[in-house]
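Student: Handing you this structure, nothing more for now.
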Amino acid sequence: MQTFLGLVSVLIVFVWLGGKQVFPLQPICDLRVLDHFVREARDSVVIMRGSRGGCGAMKSYFVPLTSVDFAFWEHIDVQELAVEVQTGLSLLVQALSTAMKAVSNSRLANALDNNISNIHSLSQILHSLDLQHARSTVLPDDSAPASTQTQEVSSLPELLQVQSSFLRGKVRLLLSAAPACQRQNS
Amino acid sequence: MTKMSDRLKIVFMLCLAFVTTGGQHFESKVAQLLQDETEDIKCFVELKDLTCFWEEEEERNNLQYTFTYSYENKNKMACVVSSLSLLASNKTVFFCKLPKTPFFTTLDVQVFRDGRMLYSRSLNAENYLFLDPPRNLTVLSSGKEGQLNVSWLPPLLKYMDDSMIYEVRYAVEGSNMGKVEVIKVSTMLVLLGLQSDTRYKVWVRVKPDGVAYKGYWSAWTEPVLGVTQPSDLDPLIMVLVLFIGLILCLLSMTVILSHHKFLLKKLWPDIPTPEHKFPGLFTVCKGDFKEWMSQNNSSMWGRSVQVYTEELPSPLEVLSEVSLTSHGTSQREERKPVEEDEEKESERSDSGLTDRWREPPQAHWLMEQLRALQENPQSLSQSLLVQSHDTYVTLNQNSQGDGEREVDDVFEETLPLQTLFTTTGTTSLSTSHSDLGSLQQSSGSGRLSSQSSFEYPNQTWPPKGPGYTYMAVADSGVSMDYSPMSSSRITELGRHRMYTNDYKNEIFLHKWPLFGEHNKSGSESCMGPVW
């Protein structure tokens, strides 16, 4: 995990230094990175189940929709999907940050913090895929929750479940369907 | 019309084919989950469609059931319930296939019968994938021994190729003991450590890896046969050959080691040296023969004679022993060891003086024999003639004393004569010694010949008295003839000079003036006291 984070951090540094992309960034198409993040999201669920008062305060969180229709996959609009993913990731970051403040268990709090870092890394990975519309929606936007692509959950377990589903579903689909990665695979 | 009917027929056939193919897999999956799954309402995803089914024992109509599902806070949606009769287990199953199954979201499924909720379940569809078995399984023999190349194609599912895990099972054809290999993502595998020239059956199945997608193990593919390459060298034969080779090596080594001295002699024979005959010649005198000779002055005669005898062997002695077979077994028994010695000595007659004379006890026996001879002279002659090979004469050339045995062969042979002389007194002994001394010198010229000469130039031979028996021995080289001498003849002998008897190399060269009847034969007289 440490090495993964290290690599991703180096990548982030490059991207930050690159600024307006002086040189093209190499796309990160390895799905094992995403799988790593998925596993850590699952670890949070396990920790939460094991800790007392893990549920935390009953709060409502606005989280993205996670459902993926395979039929939809046959006719994927990558750009639209990219927008969806970026919006969803930002929503998740907000929700997780809010939840982390309310959690008393330090271990759970650390896990949640880890999840937040992972989502930030994911954003950078998506940026490396050169998805034009992705950048515009990185910033958290209050208007985003108004779209139909959000849902409301009332507890931390549900929030973590949504995070896991979102990562495994839409984010993964986007990474596997991204043109930059398709070029590499083909 | 015909075209339309044809098209319809084709479509119908395709639909049937699709249904049947789907049905085959579907039915088997349903049957399998019916056994394995513990939930009341069992759900699985096949080809991106979620199917939930439940078993009903009583005779029911599918229309009695209502199936609803919802997700993401949306409204409930209904699904059409169908029934399926399982041929294998003869059971009836009601199921519903969700169209456009949403993944990565929580689905709430409910089953109602006659308005009452029968089953309810919340699940994420992506966690219940029930994949089809891998396609196009091929097993090929690789170039190497004991290896098989196995390859297959993943089930048809988009974007899931990298989320699959495979299990390869292989076993010898006909055997139930199989091994399993797990492989991730990759769709080919090389089986190692197999038996040579053996037919193997291979199966493969697939399952989602559990990170992004989860699910059940698929059914095994149909077994595919593969044959491994025959081995170049049968390991059993190799082992046997090595074992036999090892045994042969050990045997040969054992034989060589046990007979290594013999073999060494054969292959690398020792250079013979005469060192054992000349003690001290090479070690002390360092090969200087003259020096060695001077060192061994005292025993020179014997040595020289010994040396010469190597070159010119000739018989030497005429013994003074009497064989008396008629005088009982005791004497015979006494003779026997002597006979043995004599036989040995006769065998070694070529070596002349090198023969060894044994012990004074035999001299003692000799005296007894002579005594017996005196009593029975006639028998002596006969017996002597018969066993002439047993008799011999020792020429005592010992100037040293009696009883010395450290000197070599010749002197020991002369012992009995010494003893003979000693009994008579010291005077005769001294007399004889002096004679012998002269004799010694006369033969000190270095001739090999068994030259023996008695010279009594200035002395008479005193008859020793009635206790002595004198006997003449005639040695023709072929046989020896012994005859007793009367005392008168002895006195004659004493007056006359006794001639030397030369046994050079030719036996026939000799002179014996005393006995006319013994012509051309060497003979010597000797005397021995008998008491």
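The chains in the structure tokens are called A, B, ... from first to last as shown; in each chain the residues are counted from 1, and the ligands are counted from 1 in the order shown.
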Excluding same-chain residues fewer than 5 positions from A:Leu126, what lies within 9 Å of it counting only C-alpha atoms, as a ChimeraX atom specification?
Tutor: /A:27-28,82,86,121,131,134,171,174-175
Student: Return the neighbours of chain B among the residues of chain A, cut-off 6 Å, counting only C-alpha atoms, as a PDB file with N, CA and C atoms, in the first residue's frame.
Tutor:
ATOM      1  N   THR A  66     -24.566   4.757  -7.951  1.00  0.00           N
ATOM      2  CA  THR A  66     -23.512   3.773  -8.228  1.00  0.00           C
ATOM      3  C   THR A  66     -23.924   2.719  -9.247  1.00  0.00           C
ATOM      4  N   SER A  67     -25.139   2.665  -9.591  1.00  0.00           N
ATOM      5  CA  SER A  67     -25.614   1.562 -10.426  1.00  0.00           C
ATOM      6  C   SER A  67     -25.032   1.659 -11.833  1.00  0.00           C
ATOM      7  N   VAL A  68     -24.725   0.503 -12.312  1.00  0.00           N
ATOM      8  CA  VAL A  68     -24.190   0.379 -13.664  1.00  0.00           C
ATOM      9  C   VAL A  68     -25.006  -0.680 -14.364  1.00  0.00           C
ATOM     10  N   ASP A  69     -25.494  -0.301 -15.487  1.00  0.00           N
ATOM     11  CA  ASP A  69     -26.283  -1.230 -16.278  1.00  0.00           C
ATOM     12  C   ASP A  69     -25.387  -1.801 -17.363  1.00  0.00           C
ATOM     13  N   SER A 165     -19.161   0.448  -3.903  1.00  0.00           N
ATOM     14  CA  SER A 165     -19.886   0.181  -5.142  1.00  0.00           C
ATOM     15  C   SER A 165     -19.487   1.148  -6.242  1.00  0.00           C
ATOM     16  N   ARG A 168     -15.993   0.194  -7.567  1.00  0.00           N
ATOM     17  CA  ARG A 168     -15.987  -1.048  -8.335  1.00  0.00           C
ATOM     18  C   ARG A 168     -16.769  -0.930  -9.625  1.00  0.00           C
ATOM     19  N   GLY A 169     -17.713  -0.105  -9.648  1.00  0.00           N
ATOM     20  CA  GLY A 169     -18.614   0.003 -10.786  1.00  0.00           C
ATOM     21  C   GLY A 169     -18.173   1.043 -11.779  1.00  0.00           C
TER      22      GLY A 169
END
Student: When you count only C-alpha atoms, which of these residues is closest to A:Ser104: A:Leu173, A:Asp30, A:Ser44, A:Ser51?
Tutor: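 For A:Ser104, the nearest of the candidates is A:Ser51.
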Student: Considering only C-alpha atoms, return as a PyMOL selection string whatever protein or nucleic-acid residues lie within 12 Å of B:Gln35, sequence-local ones (same chain, fewer than 5 positions apart) excluded.
Tutor: chain B and resi 28-30+40+42+54-55+89+91
Student: Any chance you can output those residues with all heavy atoms as a compact mmCIF listing (two decimals), in the first residue's frame?
Tutor:
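Output saved as selection12.txt:
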# COMPACT_ATOMS: atom_id res chain seq x y z
N SER B 28 -28.53 -26.23 -15.43
CA SER B 28 -27.46 -26.81 -14.61
C SER B 28 -27.09 -25.88 -13.46
O SER B 28 -26.83 -26.33 -12.34
CB SER B 28 -26.23 -27.08 -15.47
OG SER B 28 -25.73 -25.88 -16.01
N LYS B 29 -27.09 -24.59 -13.77
CA LYS B 29 -26.77 -23.63 -12.71
C LYS B 29 -27.84 -23.63 -11.63
O LYS B 29 -27.55 -23.60 -10.43
CB LYS B 29 -26.63 -22.22 -13.30
CG LYS B 29 -25.35 -22.04 -14.09
CD LYS B 29 -25.30 -20.69 -14.78
CE LYS B 29 -24.04 -20.58 -15.61
NZ LYS B 29 -24.01 -19.31 -16.38
N VAL B 30 -29.05 -23.66 -12.09
CA VAL B 30 -30.14 -23.71 -11.13
C VAL B 30 -30.04 -24.96 -10.27
O VAL B 30 -30.18 -24.91 -9.05
CB VAL B 30 -31.51 -23.64 -11.87
CG1 VAL B 30 -32.64 -24.01 -10.94
CG2 VAL B 30 -31.74 -22.26 -12.45
N ASP B 40 -33.22 -18.83 0.95
CA ASP B 40 -34.52 -19.28 0.45
C ASP B 40 -34.72 -18.89 -1.00
O ASP B 40 -35.17 -19.70 -1.81
CB ASP B 40 -35.66 -18.68 1.29
CG ASP B 40 -35.63 -19.25 2.69
OD1 ASP B 40 -35.21 -20.42 2.84
OD2 ASP B 40 -36.01 -18.53 3.64
N LYS B 42 -32.82 -17.80 -4.19
CA LYS B 42 -31.44 -17.89 -4.68
C LYS B 42 -31.31 -17.04 -5.93
O LYS B 42 -32.17 -17.08 -6.81
CB LYS B 42 -31.09 -19.35 -4.99
CG LYS B 42 -31.35 -20.26 -3.79
CD LYS B 42 -31.24 -21.72 -4.16
CE LYS B 42 -32.06 -22.65 -3.27
NZ LYS B 42 -31.80 -22.54 -1.84
N TRP B 54 -36.79 -19.75 -6.68
CA TRP B 54 -37.08 -20.43 -5.43
C TRP B 54 -37.77 -21.74 -5.77
O TRP B 54 -38.40 -21.90 -6.81
CB TRP B 54 -37.92 -19.56 -4.51
CG TRP B 54 -39.23 -19.13 -5.10
CD1 TRP B 54 -40.44 -19.71 -4.90
CD2 TRP B 54 -39.45 -18.03 -5.98
NE1 TRP B 54 -41.40 -19.06 -5.60
CE2 TRP B 54 -40.82 -18.02 -6.30
CE3 TRP B 54 -38.62 -17.05 -6.54
CZ2 TRP B 54 -41.37 -17.05 -7.15
CZ3 TRP B 54 -39.18 -16.11 -7.39
CH2 TRP B 54 -40.54 -16.12 -7.70
N GLU B 55 -37.67 -22.67 -4.84
CA GLU B 55 -38.21 -24.00 -5.04
C GLU B 55 -39.60 -24.08 -4.41
O GLU B 55 -39.84 -23.49 -3.34
CB GLU B 55 -37.29 -25.04 -4.41
CG GLU B 55 -37.63 -26.47 -4.75
CD GLU B 55 -36.77 -27.44 -3.98
OE1 GLU B 55 -35.82 -27.00 -3.28
OE2 GLU B 55 -37.03 -28.65 -4.07
N SER B 89 -33.72 -33.77 -11.03
CA SER B 89 -34.20 -33.96 -9.66
C SER B 89 -35.73 -33.97 -9.57
O SER B 89 -36.27 -34.15 -8.48
CB SER B 89 -33.64 -32.88 -8.76
OG SER B 89 -33.93 -31.61 -9.29
N LYS B 91 -37.85 -31.57 -9.82
CA LYS B 91 -38.35 -30.51 -8.96
C LYS B 91 -38.85 -29.34 -9.82
O LYS B 91 -38.40 -29.16 -10.95
CB LYS B 91 -37.25 -30.01 -8.02
CG LYS B 91 -36.88 -31.01 -6.92
CD LYS B 91 -35.75 -30.47 -6.08
CE LYS B 91 -35.36 -31.52 -5.03
NZ LYS B 91 -34.22 -31.06 -4.21
Student: Need the shell around A:Asp35: protein/DNA/RNA residues with any atom at most 9 Å away, counting only C-alpha atoms. Skip same-chain ones fewer than 3 positions apart. Format as an MDAnalysis selection string?
Tutor: (chainID A and resid 31:32 38:40 167:168 172) or (chainID B and resid 211:212)
Student: With all heavy atoms retained, export the selected residues as a CSV table (one decimal), in the first residue's frame.
Tutor:
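Once written, again.csv looks like this:
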chain,number,residue,atom,x,y,z
A,31,LEU,N,-5.4,-1.6,-13.7
A,31,LEU,CA,-6.6,-1.7,-12.8
A,31,LEU,C,-6.2,-2.2,-11.5
A,31,LEU,O,-7.1,-2.2,-10.6
A,31,LEU,CB,-7.7,-2.5,-13.5
A,31,LEU,CG,-8.4,-1.9,-14.6
A,31,LEU,CD1,-9.2,-2.9,-15.4
A,31,LEU,CD2,-9.3,-0.7,-14.1
A,32,ARG,N,-5.0,-2.7,-11.3
A,32,ARG,CA,-4.6,-3.2,-10.0
A,32,ARG,C,-4.5,-2.0,-9.0
A,32,ARG,O,-4.7,-2.3,-7.8
A,32,ARG,CB,-3.3,-3.9,-10.1
A,32,ARG,CG,-3.5,-5.3,-10.7
A,32,ARG,CD,-2.1,-6.0,-10.9
A,32,ARG,NE,-1.2,-5.3,-11.9
A,32,ARG,CZ,0.0,-5.7,-12.2
A,32,ARG,NH1,0.4,-6.8,-11.6
A,32,ARG,NH2,0.7,-5.1,-13.1
A,38,VAL,N,-10.0,-0.3,-3.9
A,38,VAL,CA,-11.3,-1.0,-3.6
A,38,VAL,C,-11.1,-1.9,-2.3
A,38,VAL,O,-12.0,-1.9,-1.4
A,38,VAL,CB,-11.7,-1.9,-4.7
A,38,VAL,CG1,-12.8,-2.9,-4.3
A,38,VAL,CG2,-12.2,-1.1,-5.9
A,39,ARG,N,-10.0,-2.5,-2.2
A,39,ARG,CA,-9.7,-3.4,-1.0
A,39,ARG,C,-9.7,-2.5,0.2
A,39,ARG,O,-10.1,-2.9,1.3
A,39,ARG,CB,-8.4,-4.2,-1.2
A,39,ARG,CG,-8.5,-5.3,-2.2
A,39,ARG,CD,-7.4,-6.3,-2.0
A,39,ARG,NE,-7.4,-7.3,-3.0
A,39,ARG,CZ,-6.7,-7.4,-4.1
A,39,ARG,NH1,-6.0,-6.4,-4.4
A,39,ARG,NH2,-6.9,-8.4,-4.9
A,40,GLU,N,-9.1,-1.4,0.1
A,40,GLU,CA,-9.0,-0.5,1.3
A,40,GLU,C,-10.3,0.0,1.7
A,40,GLU,O,-10.6,0.2,2.9
A,40,GLU,CB,-8.0,0.6,1.1
A,40,GLU,CG,-6.6,0.0,1.0
A,40,GLU,CD,-5.5,1.1,1.2
A,40,GLU,OE1,-5.7,2.2,0.7
A,40,GLU,OE2,-4.5,0.7,1.7
A,167,LEU,N,-16.7,2.7,-6.6
A,167,LEU,CA,-15.3,2.4,-7.1
A,167,LEU,C,-15.3,1.2,-8.0
A,167,LEU,O,-14.7,1.2,-9.0
A,167,LEU,CB,-14.3,2.2,-5.9
A,167,LEU,CG,-14.0,3.4,-5.1
A,167,LEU,CD1,-13.2,3.0,-3.9
A,167,LEU,CD2,-13.3,4.5,-5.9
A,168,ARG,N,-16.0,0.2,-7.6
A,168,ARG,CA,-16.0,-1.0,-8.3
A,168,ARG,C,-16.8,-0.9,-9.6
A,168,ARG,O,-16.5,-1.6,-10.6
A,168,ARG,CB,-16.6,-2.2,-7.5
A,168,ARG,CG,-15.7,-2.6,-6.4
A,168,ARG,CD,-16.2,-3.8,-5.7
A,168,ARG,NE,-17.5,-3.6,-5.0
A,168,ARG,CZ,-18.4,-4.5,-4.8
A,168,ARG,NH1,-18.2,-5.8,-5.2
A,168,ARG,NH2,-19.5,-4.2,-4.2
A,172,ARG,N,-14.3,1.9,-12.3
A,172,ARG,CA,-13.7,0.8,-13.0
A,172,ARG,C,-14.1,0.7,-14.4
A,172,ARG,O,-13.3,0.5,-15.3
A,172,ARG,CB,-14.0,-0.5,-12.3
A,172,ARG,CG,-13.0,-1.6,-12.5
A,172,ARG,CD,-13.3,-2.8,-11.6
A,172,ARG,NE,-12.0,-3.5,-11.4
A,172,ARG,CZ,-11.6,-4.4,-12.3
A,172,ARG,NH1,-12.2,-4.6,-13.4
A,172,ARG,NH2,-10.4,-5.0,-12.0
B,211,VAL,N,-12.4,-9.1,-6.1
B,211,VAL,CA,-12.1,-7.7,-5.8
B,211,VAL,C,-13.2,-6.8,-6.3
B,211,VAL,O,-13.9,-6.1,-5.5
B,211,VAL,CB,-10.8,-7.3,-6.5
B,211,VAL,CG1,-10.4,-5.9,-6.2
B,211,VAL,CG2,-9.7,-8.2,-6.1
B,212,ALA,N,-13.4,-6.8,-7.6
B,212,ALA,CA,-14.5,-6.0,-8.1
B,212,ALA,C,-15.8,-6.8,-8.2
B,212,ALA,O,-16.9,-6.3,-7.9
B,212,ALA,CB,-14.1,-5.4,-9.5
Student: What gap, in Å, lies between atom CA of A:Leu81 and atom CA of A:Phe166?
Tutor: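 These two atoms are separated by 12.1 Å.
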Student: Find the distance between atom CA of B:Asn136 and atom CA of B:Leu194 and write it in Å to one decimal.
Tutor: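 Here the two named atoms are 22.5 Å from each other.
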Student: When you look at B:Lys214 with a cut-off of 7 Å (counting only C-alpha atoms), what residues show up, excluding the ones that are within fewer than 5 positions of it in the same chain? I need them as a list in words.
Tutor: Glu126, Asn127, Tyr128, Leu129, Pro208 and Asp209 of chain B
Student: Please compute the atom CA of B:Pro154-atom CA of A:Ser176 distance, one decimal, in Å.
Tutor: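 So the two atoms, atom CA of B:Pro154 and atom CA of A:Ser176, lie 16.9 Å apart.
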Student: Identify which of the residues B:Asp114, B:Asp232, B:Asp161, B:Glu58 lies closest to B:Lys144, counting only C-alpha atoms when measuring atom-to-atom distances.
Tutor: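 Smallest separation from B:Lys144 among the options: B:Asp232.
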Student: Select, from A:Ser9, A:Gln79, A:Asn105, A:Thr3, the residue with the minimum atom-to-atom distance to A:Pro179, counting only C-alpha atoms.
Tutor: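 Distance minimum relative to A:Pro179 lands on A:Gln79.
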Student: Stretch 56-177 of chain A: which residues are alpha helix (DSSP H) by DSSP, as JSON, numbers by chain?
Tutor: {"A": [70, 71, 72, 73, 74, 78, 79, 80, 81, 82, 83, 84, 85, 86, 87, 88, 89, 90, 91, 92, 93, 94, 95, 96, 97, 98, 99, 100, 101, 102, 106, 107, 108, 109, 110, 111, 112, 113, 114, 115, 116, 117, 118, 119, 120, 121, 122, 123, 124, 125, 126, 127, 128, 156, 157, 158, 159, 160, 161, 162, 163, 164, 165, 166, 172, 173, 174, 175, 176, 177]}
